[in-house]
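**Q** Shown below is the structure under consideration.
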Amino acid sequence: MNIKRLTEEELNKALDTALKYRHYFHQYPELSGEEYHTSETIQNFLYGEKIEYRTGFAGTGILAIIKGDLPGKTIALRADIDALPIEEEPSPPYRSKKEHVMHACGHDAHTAILMSTAALLQKNKKEVEGTILCVFQPAEEQAPTGGAAKMLEDGLFEVYQPDAVLAQHVWPDLPVGQFGVMSGPIMGNSDRFEITIKGAGGHASMPHQTKDSIVAAGQLIGQIQSIISRNVNPLDAAVVTVGTVYGGERYNVIASETTLEGTVRTFKNEVKEKVKAKLGQLLAGIEVSFEVTCHIKYFDGYPATINTPVWAEHARETARLLYGEESLPQVEPSLGGEDFARFLEKYPGNYHWLGTAIPERTVQKPLHDPSFDIDERAVGYGIEFMYHEAVEGLKLLKDKE
């Protein structure tokens with residue numbers, strides 16, 4: 001692979017544009033399924049850059065089409081555009097102007113990077129050997145449904161079928177200039193459950209006349225921790241977390257009903273199914289032990305994000321040629337969930353992490369934290385990398401013909 005680098009002028013202009021839009025999106029974030037103004041802003045930008053685009057995918061989703069002057073295959077690049085229901089802390093100059101809505105997962109940066117990348121590809125389409133699709137996806141945070149499946153259902157790729165799909169995500173655990181790339185699973189299955197325990201309430205001083213749902217819930221929470229430690233091979237990653245507990249209305253009243261909500265994270269489907277089955281078995285035991293009734297709603301969420309080896313290697317080679325071997329640290333996969341997995345279920349491709357750690361922070365704020373932010377130097381790396389990953393990826397596909 002012989003990369004023709006972007007000029008400093010091209011990259012600086014693209015960076016300035018991306019930062020302008022990143023700040024704007026950060027100030028005016030929109031929740032999953034409500035990205036109307038965000039979508040309109042992207043469409044206006046594409047129109048101004050004379051980039052063909054189509055709308056109507058999962059409500060606010062957009063497909064931009066860049067047809068190279070040279071014949072070839074098709075690659076899709078994806079960015080997610082939605083924000084989270086989080087109140088931002090502290091107050092950067094571009095702080096969110098919407099109460100309890102924040103881009104706490106970097107989707108503002110993903111969107112701005114893809115917009116600038118699209119403009120560069122359109123400007124340099126004489127060097128593009130094929131077609132590049134830019135997918136602006138809504139509702140990535142709306143697990144377990146998400147926006148990717150709905151975009152596909154709405155005919156996202158009916159006219160242009162990608163030969164590969166590519167995406168990147170900001171990553172505060174890596175410094176700027178480094179990329180997290182790996183073959184195989186990089187993100188996990190992301191499922192959700194809701195358990196309702198129904199007993200019989202009564203006065204706190206007379207527990208013998210009741211069936212205490214809170215005590216039953218407490219026992220269940222403890223038993224849930226044994227699912228992984230005593231049923232899953234220690235070499236197989238898995239996590240079960242109970243995130244919320246709702247029960248009771250007053251200090252001296254035994255609660256008749258308690259609800260638990262939680263998540264199951266795995267890489268392997270067989271491990272996921274084992275955990276799912278064990279949850280049901282534990283509930284049956286709780287019913288007998290505490291004379292309560294238990295009901296579980298289990299929501300199969302995003303599948304594991306599994307990179308295709310050839311495209312993971314292509315990403316590694318792109319990083320090596322652009323930034324050297326030091327840009328590719330050894331990284332471990334995450335059990336976080338990612339809606340891009342639904343694209344990778346149908347098409348080969350790669351999903352990687354873009355280093356965004358802020359040097360002056362001794363402790364990096366993680367994704368979804370109210371104080372999350374990025375080192376904006378990473379935006380330039382994201383644009384340059386995504387541009388060349390796509391352009392050189394089309395050449396790779398042509399060589400394989």
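All residue names refer to the structure tokens as shown: chains lettered A, B, ... in order, residues numbered from 1 in each chain, ligands numbered from 1 in order.
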Neighbouring residues of His26 in chain A were defined as those with any atom within 9 Å, considering only C-alpha atoms; residues of the same chain fewer than 4 positions away were excluded. Please report them as an MDAnalysis selection string.

**A** chainID A and resid 21:22 83 94:97 102:103 106:109

**Q** Next, write the just-selected residues to a file, as an mmCIF file, in the first residue's frame, keeping C-alpha atoms as the atom set.

**A**
data_model
loop_
_atom_site.group_PDB
_atom_site.id
_atom_site.type_symbol
_atom_site.label_atom_id
_atom_site.label_comp_id
_atom_site.auth_asym_id
_atom_site.auth_seq_id
_atom_site.Cartn_x
_atom_site.Cartn_y
_atom_site.Cartn_z
ATOM 1 C CA TYR A 21 -19.429 21.378 13.650
ATOM 2 C CA ARG A 22 -18.292 19.335 16.630
ATOM 3 C CA ALA A 83 -26.617 12.114 22.385
ATOM 4 C CA TYR A 94 -19.063 24.660 23.982
ATOM 5 C CA ARG A 95 -21.127 23.247 26.864
ATOM 6 C CA SER A 96 -24.498 21.716 26.015
ATOM 7 C CA LYS A 97 -27.295 24.280 25.944
ATOM 8 C CA MET A 102 -25.131 15.756 26.400
ATOM 9 C CA HIS A 103 -22.762 14.265 23.852
ATOM 10 C CA GLY A 106 -18.254 11.418 21.354
ATOM 11 C CA HIS A 107 -20.914 11.103 18.679
ATOM 12 C CA ASP A 108 -20.559 14.822 18.005
ATOM 13 C CA ALA A 109 -16.934 14.157 17.048
#

**Q** Report as a list in words: the residues of range 114-181 of chain A with a DSSP assignment of strand (DSSP E), based on the backbone of this structure.

**A**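 Reading the DSSP output for range 114-181 of chain A, strand (DSSP E) covers Glu129, Gly130, Thr131, Ile132, Leu133, Cys134, Val135, Phe136, Gln137, Ala164, Val165, Leu166, Ala167, Gln168, His169, Val170, Trp171, Pro172, Asp173, Leu174, Pro175, Phe179 and Gly180 of chain A.
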
**Q** Looking at only C-alpha atoms, which of A:Val215, A:Ala149, A:Ala255, A:Val170 is the one that sits closest to His203 in chain A?

**A** A:Ala255

**Q** Restricting the calculation to only C-alpha atoms, which member of A:Ala357, A:Ile197, A:Met115, A:Val331 is positioned closest to Thr41 in chain A?

**A**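 The shortest atom-to-atom distance to Thr41 in chain A comes from A:Met115.
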
**Q** Which polymer residues have any atom within 9 Å of an atom of Gly188 in chain A, counting only C-alpha atoms, with same-chain residues fewer than 2 positions away left out, as a count of residues only?

**A** 19

**Q** Rounded to one decimal, what separation in Å do you get between CA of His368 in chain A and CA of Ala104 in chain A?

**A**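 These two atoms are separated by 4.8 Å.
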
**Q** So what do you get for CA of His352 in chain A versus CA of His169 in chain A, distance-wise?

**A** 6.4 Å
